[in-house]
Structures are given as structure tokens and as C-alpha cells.
Amino acid sequence: MSVTKKKVLIITPSRIIARGLASILEEHGGFAVVAALTDLSRENEPVVRDSMADIVIADPVIFGYASRSVGRNRISDITDAAVVAVPTVLHDDGAVKGYDDTIGIYDPPATVVSRLRSALSRTAGKDRDDSREELSSREKEILVCVARGMLNKEIADRFHISIHTVITHRKNITRKTGIKTVAGLTVYALLNNLIDPSVAE
Amino acid sequence: MRKNMKMADLVGTDYRLLTVIYRLGMKLGFGEKTVEETCRESGVNCDTFLLVANVYATDGYVPSVEMMTAASAIDLVRYLHASHSYYLEHEFKDIDGLFKELLAPCPPMQREVIMHFFDGYREEVENHFAYEENTVFPYVRSVAEGRKVDGYSIGTFEENHNSIDEKLNDLRNIVMKYLPPVCDTVLAIRALSRLCALEADLEKHTLIENSILIPMVNRMEEKCQ
């Protein structure tokens, strides 16, 4: 677990709960609340997507009674973040079953923090399952560019693809190799003879 | 974890506490003495020791407000500073030696690439530590003495406190997944074990800074005003 602050996005119609959570998380450090929404309307979906949140804390009440049991899936469609429920009304177990964890509104602050951490470690485990493939040839080309210090924009122009696609490739390269930093990727490229040592740096 | 338990029993449950007692300035050979007695004899605030020990022994440990109030920020800073020295003088030095030995049979290019990466990481860590030692720790000490310093707050540190584990994590993956086959496996295991131990220890170190030091100083800053 890297200890850069984890980004938290809160979705609850209750301002009291939103501010209460924000204050608990601020006090304990390690988390930063990036946005607090009162609902998950269509207009708010881009906010969730662009927040790059690590955790979404949502009150299942934001979904109508009939769609409550599949509400979590709607959040997953928008973001890969861990999703933690904070139910404020009487609910049946089905409504919170799909969530990575549940916070009770009477939980002490320490419990809230440890629930969030366990939800995070649970989703981190999921990522690792599908990281067994080799790099594709396009990914290797992009890795070489990254190792040579090219910016995302420059890489996008060279291959006539969007920056968004470059970022997706870079994410996949990191997921497959387990290497995050540019310096580390350069080492990978050199050890695997993807670049000529005289060209690097 | 209680103050009246035997220090030997406590350390026996988690060997990682050995480095904690060393960094707090305590020595081995505590015989049948309790945690409280051992701390007192070394002039260490016992609550600070328990706070740090709890972070090590309990995953996801969140200290209570009472624990944080009882502990000493000065001792905590002393501990963090001693940890920095320990990492640089012992851990990095040993790992450097292990890597040189491990990579000796590789072609010079591969050896240099990996050592260059390791040196780059060490430099990054040194800079990270130097900032904390020259700016953050002196600030905490003056706030602990009730003196507010203009132009700086622990919030500034909190905002800029980057994690230093990314390159270390990369290095571990590089050794594990892409090490040239000429390297000796036993040496590689030794180097990897040290890398993993360092990574885990640095994680606890950052956790102590983020979830104990920062909230502690936040409270003290409020009192200063």
C-alpha cells in the first residue's frame, strides 16, 4: 500500500453525514475528500469519473428502492474505485451485499478508517488477478518512448492516437510489469533489449 | 500491549520491534523488566513507544486521541530521525553491498543500469529525509515547546508529503521478474528479502508520519494559538 493520500468521493443526500465523514477522514490523515455529491444523477457521473477517486462512499438511499440492490454496479460502471456503503435508512442485506464494505453511522472514527482501508486492500487484490499477459507490441513501442523521456502528448502525436489511449497503454504496461516509475521502465527496456543503451539518457 | 508486560515478551511477539527499540535508544538485555521500566531507564516516553509499537504490530492501527495526547512529539521526532539514519547507514548500505555482489557476473551495461536505478532511489530518499530533518522536525520541536512558527504549518508538510515507495517497489519487481539469469538465486533471495523488509518498514514509517505525527501536531498547533 503506498501511502500517498487516498482520494475519497462521498455521495449522500445528507450534508451532515458528508461533513462528518470529511472531518473524520481529515483528522486521521491518509485520506483526502475530493468531492461530495448529493446524488448520482447523469450530470454528476463525469464528476465521479474525473475525480480519480480511490474510494467512493455512497449511501444506498441515492438509488431508488427497486434499483438499490444493483446500485453498486452503477458506480462500478463509472469508476474502478472501491465502493463503501454508508446506509442511513433501514435496509435489507441485499442492498449492501455488493459493496466492498459497510460503515455504520454509529461507528467510532477508528472503525470508519479501518473499514475504508480494508475495502481498499480488497479491491487492490482484484487488480492483480488479470495481470499475467506479456506486453503487446504496441505497448512495447510506447514503453520505449516513455523510457526515452517522451511526454504523453508527443507519444500520442507519433502514433496518431489520443492521449487517453496513451494513458490506457501506460496503465496496462505498469499493471503487467509491476513497474510504475519512468526510471524503472527504462531499466526494464534496457534489460529486455528494447532500447540501445547508448540512446538512453 | 500493556505497560506492565515484560519487554522480552512484547518483542518476542514481533521481531520488527527490535529496530524500534534500537531507534528509540534502548538496548537489548532488558531481562525481566517491564515495558515501562525499560522505557524509563532509557528516558523514553512509554506512551510514544507503545504508539509506535502498535503501528508495527497491528495492521490498520488507528490510535485513540488519549494515546496521542499522552505520547511525546519530541520523542516521536527523535524516533523518526533515528529511523532515517538507520535506513541510510545500515539498510541502504547493506542492500548496496548485496546488489554489487549479486550483479557481479552480469555484463557491465546491465549492472550499471540496475545500480544506477538503485543510486537514484537512494538519492530520492536522502532528499526526502533531508527536508523532514531540516524543516519539518525543527518545526515540530518548536510547536511542542509552545512556540508557533510563522510561515509554516504541518498542513504544508501534509500536502507535500510524497510517498517514497514507488521506486523501491519497482526495484523489487525488476529483481524478481527481470533479473539476468546469470545471477545467483541465493544472493537474489537475500537481496529481495532485504528489499521487502525495507519496503514494509518504510511503509510503517510513513504511516507513523501521516497518521500519528500530523494529527498530533495539528492538535498542538490549535493549542499554540
# chains A, B, ... in the order shown; residues from 1 in each chain; ligands from 1
>>> interface_residues(of="chain A", to="chain B", cutoff="6 Å", atoms="only C-alpha atoms", output="PyMOL selection string")
chain A and resi 3-4+28-29+110+114+179+184
>>> select_by_dssp(residues="region 34-193 of chain A", states="helix (DSSP H, G or I)", output="ChimeraX atom specification")
/A:42-50,60-62,68-78,93-96,109-128,137-147,152-159,163-177,182-191
>>> residues_around(residues="Ile195 (chain A)", least_positions_apart="3", cutoff="7 Å", atoms="only C-alpha atoms", output="list of chain:residue names")
A:Val144, A:Ala189, A:Leu190
>>> write_last_selection(atoms="N, CA and C atoms", output="compact mmCIF listing (two decimals), in the first residue's frame")
# COMPACT_ATOMS: atom_id res chain seq x y z
N VAL A 144 9.09 2.10 -24.94
CA VAL A 144 10.37 2.64 -25.41
C VAL A 144 10.32 4.18 -25.43
N ALA A 189 13.29 -1.64 -20.07
CA ALA A 189 13.53 -1.59 -21.51
C ALA A 189 14.98 -1.97 -21.83
N LEU A 190 15.91 -1.53 -20.98
CA LEU A 190 17.33 -1.85 -21.22
C LEU A 190 17.61 -3.33 -20.96
>>> closest_residue(among="A:Leu194, A:Glu45, A:Ile105, A:Asp50", to="Glu141 (chain A)", atoms="only C-alpha atoms")
A:Leu194
>>> closest_residue(among="A:Ile62, A:Val187, A:Ala81, A:Val96", to="Val8 (chain A)", atoms="only C-alpha atoms")
A:Ala81
>>> residues_around(residues="Val136 (chain B)", least_positions_apart="3", cutoff="12 Å", atoms="only C-alpha atoms", output="short mmCIF file (atom, residue, chain, number, x, y, z; two decimals) with N, CA and C atoms, in the first residue's frame")
data_model
loop_
_atom_site.label_atom_id
_atom_site.label_comp_id
_atom_site.auth_asym_id
_atom_site.auth_seq_id
_atom_site.Cartn_x
_atom_site.Cartn_y
_atom_site.Cartn_z
N VAL B 77 9.61 12.54 17.12
CA VAL B 77 10.50 13.12 16.11
C VAL B 77 11.90 12.53 16.25
N LEU B 80 11.77 9.21 14.59
CA LEU B 80 11.73 9.28 13.13
C LEU B 80 13.11 9.62 12.56
N HIS B 81 13.77 10.56 13.25
CA HIS B 81 15.09 10.96 12.80
C HIS B 81 16.07 9.79 12.89
N HIS B 128 14.33 13.36 0.52
CA HIS B 128 13.07 13.30 1.26
C HIS B 128 13.35 13.43 2.77
N PHE B 129 14.33 12.66 3.24
CA PHE B 129 14.69 12.69 4.66
C PHE B 129 15.25 14.06 5.04
N ALA B 130 16.10 14.61 4.17
CA ALA B 130 16.76 15.87 4.49
C ALA B 130 15.73 16.98 4.70
N TYR B 131 14.69 16.98 3.85
CA TYR B 131 13.65 18.00 4.00
C TYR B 131 12.98 17.87 5.37
N GLU B 132 12.65 16.64 5.74
CA GLU B 132 11.99 16.43 7.02
C GLU B 132 12.90 16.82 8.19
N GLU B 133 14.17 16.47 8.07
CA GLU B 133 15.09 16.75 9.18
C GLU B 133 15.40 18.24 9.30
N TYR B 139 10.42 22.28 13.11
CA TYR B 139 9.12 22.94 13.30
C TYR B 139 8.32 22.25 14.40
N VAL B 140 8.28 20.90 14.35
CA VAL B 140 7.52 20.14 15.35
C VAL B 140 8.08 20.41 16.74
N ARG B 141 9.41 20.46 16.83
CA ARG B 141 10.02 20.70 18.15
C ARG B 141 9.60 22.05 18.70
N SER B 142 9.57 23.08 17.85
CA SER B 142 9.21 24.39 18.41
C SER B 142 7.72 24.46 18.76
N VAL B 143 6.88 23.80 17.96
CA VAL B 143 5.45 23.79 18.32
C VAL B 143 5.25 23.02 19.63
N VAL B 149 5.48 28.93 14.70
CA VAL B 149 6.43 29.47 13.72
C VAL B 149 5.63 30.08 12.57
N TYR B 152 4.92 28.55 8.33
CA TYR B 152 4.94 27.11 8.10
C TYR B 152 3.87 26.47 8.97
N SER B 153 3.29 25.40 8.48
CA SER B 153 2.37 24.64 9.31
C SER B 153 2.47 23.19 8.89
N ILE B 154 2.00 22.31 9.74
CA ILE B 154 2.10 20.89 9.44
C ILE B 154 1.25 20.56 8.21
N GLY B 155 0.26 21.43 7.91
CA GLY B 155 -0.56 21.25 6.72
C GLY B 155 0.29 21.30 5.45
N THR B 156 1.31 22.18 5.45
CA THR B 156 2.21 22.29 4.30
C THR B 156 2.94 20.97 4.08
N PHE B 157 3.40 20.40 5.18
CA PHE B 157 4.07 19.10 5.11
C PHE B 157 3.12 18.03 4.60
N GLU B 158 1.91 18.03 5.15
CA GLU B 158 0.91 17.03 4.79
C GLU B 158 0.65 17.06 3.27
N ASN B 160 2.61 18.12 0.91
CA ASN B 160 3.77 17.80 0.07
C ASN B 160 4.42 16.48 0.41
N HIS B 161 3.80 15.74 1.30
CA HIS B 161 4.45 14.51 1.75
C HIS B 161 4.24 13.38 0.74
N GLU B 209 4.28 8.86 10.31
CA GLU B 209 4.29 10.29 9.99
C GLU B 209 2.88 10.79 9.66
N LEU B 213 2.08 11.56 13.58
CA LEU B 213 2.76 12.86 13.72
C LEU B 213 1.86 14.02 13.27
N ILE B 214 1.27 13.89 12.07
CA ILE B 214 0.49 15.01 11.54
C ILE B 214 -0.72 15.33 12.43
N VAL B 217 0.50 17.00 15.69
CA VAL B 217 0.95 18.39 15.55
C VAL B 217 -0.23 19.31 15.25
#
>>> residues_around(residues="region 38-47 of chain B", least_positions_apart="2", cutoff="6 Å", atoms="only C-alpha atoms", output="PyMOL selection string")
chain B and resi 26+35-36+49-50+71
>>> residues_around(residues="Cys224 (chain B)", least_positions_apart="4", cutoff="7 Å", atoms="only C-alpha atoms", output="number ranges by chain")
B: 146-148, 220
>>> write_last_selection(atoms="N, CA and C atoms", output="PDB file, in the first residue's frame")
ATOM      1  N   GLY B 146       5.566  25.039  22.459  1.00  0.00           N
ATOM      2  CA  GLY B 146       4.571  26.101  22.547  1.00  0.00           C
ATOM      3  C   GLY B 146       4.879  27.324  21.711  1.00  0.00           C
ATOM      4  N   ARG B 147       5.893  27.230  20.842  1.00  0.00           N
ATOM      5  CA  ARG B 147       6.216  28.377  20.001  1.00  0.00           C
ATOM      6  C   ARG B 147       5.693  28.151  18.590  1.00  0.00           C
ATOM      7  N   LYS B 148       4.816  29.033  18.133  1.00  0.00           N
ATOM      8  CA  LYS B 148       4.279  28.928  16.784  1.00  0.00           C
ATOM      9  C   LYS B 148       5.280  29.567  15.832  1.00  0.00           C
ATOM     10  N   MET B 220      -1.546  20.246  18.500  1.00  0.00           N
ATOM     11  CA  MET B 220      -0.655  21.174  19.213  1.00  0.00           C
ATOM     12  C   MET B 220      -0.725  22.581  18.619  1.00  0.00           C
TER      13      MET B 220
END
>>> residues_around(residues="Ala191 (chain B)", least_positions_apart="3", cutoff="12 Å", atoms="only C-alpha atoms", output="VMD selection string")
chain B and resid 91 to 103 171 to 172 174 to 176 179 183 to 188 194 to 198
>>> write_last_selection(atoms="N, CA and C atoms", output="short mmCIF file (atom, residue, chain, number, x, y, z; two decimals), in the first residue's frame")
data_model
loop_
_atom_site.label_atom_id
_atom_site.label_comp_id
_atom_site.auth_asym_id
_atom_site.auth_seq_id
_atom_site.Cartn_x
_atom_site.Cartn_y
_atom_site.Cartn_z
N GLU B 91 20.50 -0.11 6.38
CA GLU B 91 19.73 -0.79 5.33
C GLU B 91 20.30 -0.53 3.93
N PHE B 92 20.41 0.73 3.55
CA PHE B 92 20.85 1.05 2.19
C PHE B 92 22.27 0.56 1.94
N LYS B 93 23.11 0.70 2.97
CA LYS B 93 24.49 0.27 2.82
C LYS B 93 24.55 -1.24 2.58
N ASP B 94 23.81 -2.00 3.39
CA ASP B 94 23.80 -3.46 3.23
C ASP B 94 23.25 -3.86 1.87
N ILE B 95 22.13 -3.24 1.48
CA ILE B 95 21.50 -3.61 0.22
C ILE B 95 22.42 -3.27 -0.95
N ASP B 96 23.10 -2.14 -0.82
CA ASP B 96 24.07 -1.74 -1.85
C ASP B 96 25.13 -2.84 -2.03
N GLY B 97 25.66 -3.33 -0.90
CA GLY B 97 26.66 -4.40 -0.95
C GLY B 97 26.10 -5.67 -1.56
N LEU B 98 24.88 -6.02 -1.16
CA LEU B 98 24.24 -7.23 -1.68
C LEU B 98 24.06 -7.15 -3.19
N PHE B 99 23.64 -5.96 -3.66
CA PHE B 99 23.42 -5.79 -5.09
C PHE B 99 24.71 -5.88 -5.87
N LYS B 100 25.77 -5.28 -5.34
CA LYS B 100 27.06 -5.33 -6.05
C LYS B 100 27.50 -6.78 -6.22
N GLU B 101 27.31 -7.57 -5.15
CA GLU B 101 27.70 -8.97 -5.20
C GLU B 101 26.80 -9.74 -6.18
N LEU B 102 25.50 -9.47 -6.08
CA LEU B 102 24.52 -10.16 -6.92
C LEU B 102 24.78 -9.92 -8.41
N LEU B 103 25.10 -8.64 -8.74
CA LEU B 103 25.20 -8.26 -10.14
C LEU B 103 26.60 -8.45 -10.72
N LEU B 171 12.01 -1.63 -8.00
CA LEU B 171 13.26 -2.36 -7.90
C LEU B 171 12.99 -3.81 -7.52
N ARG B 172 12.06 -4.00 -6.59
CA ARG B 172 11.72 -5.36 -6.17
C ARG B 172 11.18 -6.16 -7.35
N ILE B 174 11.73 -5.57 -10.52
CA ILE B 174 12.78 -5.77 -11.52
C ILE B 174 13.64 -6.97 -11.12
N VAL B 175 14.03 -7.02 -9.84
CA VAL B 175 14.88 -8.13 -9.39
C VAL B 175 14.13 -9.45 -9.48
N MET B 176 12.87 -9.44 -9.08
CA MET B 176 12.11 -10.67 -9.03
C MET B 176 11.77 -11.18 -10.43
N LEU B 179 15.55 -10.20 -13.53
CA LEU B 179 16.98 -10.30 -13.22
C LEU B 179 17.66 -11.17 -14.26
N CYS B 183 22.67 -14.37 -12.66
CA CYS B 183 22.78 -14.03 -11.24
C CYS B 183 22.45 -15.23 -10.36
N ASP B 184 23.10 -15.27 -9.21
CA ASP B 184 22.91 -16.37 -8.26
C ASP B 184 21.58 -16.21 -7.53
N THR B 185 20.82 -17.32 -7.46
CA THR B 185 19.48 -17.24 -6.87
C THR B 185 19.52 -17.00 -5.36
N VAL B 186 20.46 -17.65 -4.69
CA VAL B 186 20.53 -17.45 -3.23
C VAL B 186 20.84 -15.99 -2.90
N LEU B 187 21.77 -15.39 -3.66
CA LEU B 187 22.07 -13.98 -3.45
C LEU B 187 20.86 -13.11 -3.76
N ALA B 188 20.13 -13.51 -4.81
CA ALA B 188 18.95 -12.74 -5.20
C ALA B 188 17.89 -12.82 -4.10
N ARG B 194 15.78 -8.41 1.87
CA ARG B 194 16.10 -7.11 2.47
C ARG B 194 15.26 -6.00 1.85
N LEU B 195 15.05 -6.07 0.54
CA LEU B 195 14.21 -5.06 -0.12
C LEU B 195 12.79 -5.09 0.44
N CYS B 196 12.25 -6.31 0.58
CA CYS B 196 10.88 -6.44 1.08
C CYS B 196 10.78 -5.94 2.51
N ALA B 197 11.79 -6.28 3.33
CA ALA B 197 11.77 -5.83 4.72
C ALA B 197 11.84 -4.30 4.77
N LEU B 198 12.71 -3.72 3.93
CA LEU B 198 12.83 -2.26 3.90
C LEU B 198 11.53 -1.62 3.45
#
>>> closest_residue(among="A:Glu139, A:Glu154, A:Asp196, A:Asp59", to="Val89 (chain A)", atoms="only C-alpha atoms")
A:Asp59
>>> closest_residue(among="A:Pro108, A:Ile103, A:His169, A:Lys7", to="Ser136 (chain A)", atoms="only C-alpha atoms")
A:His169
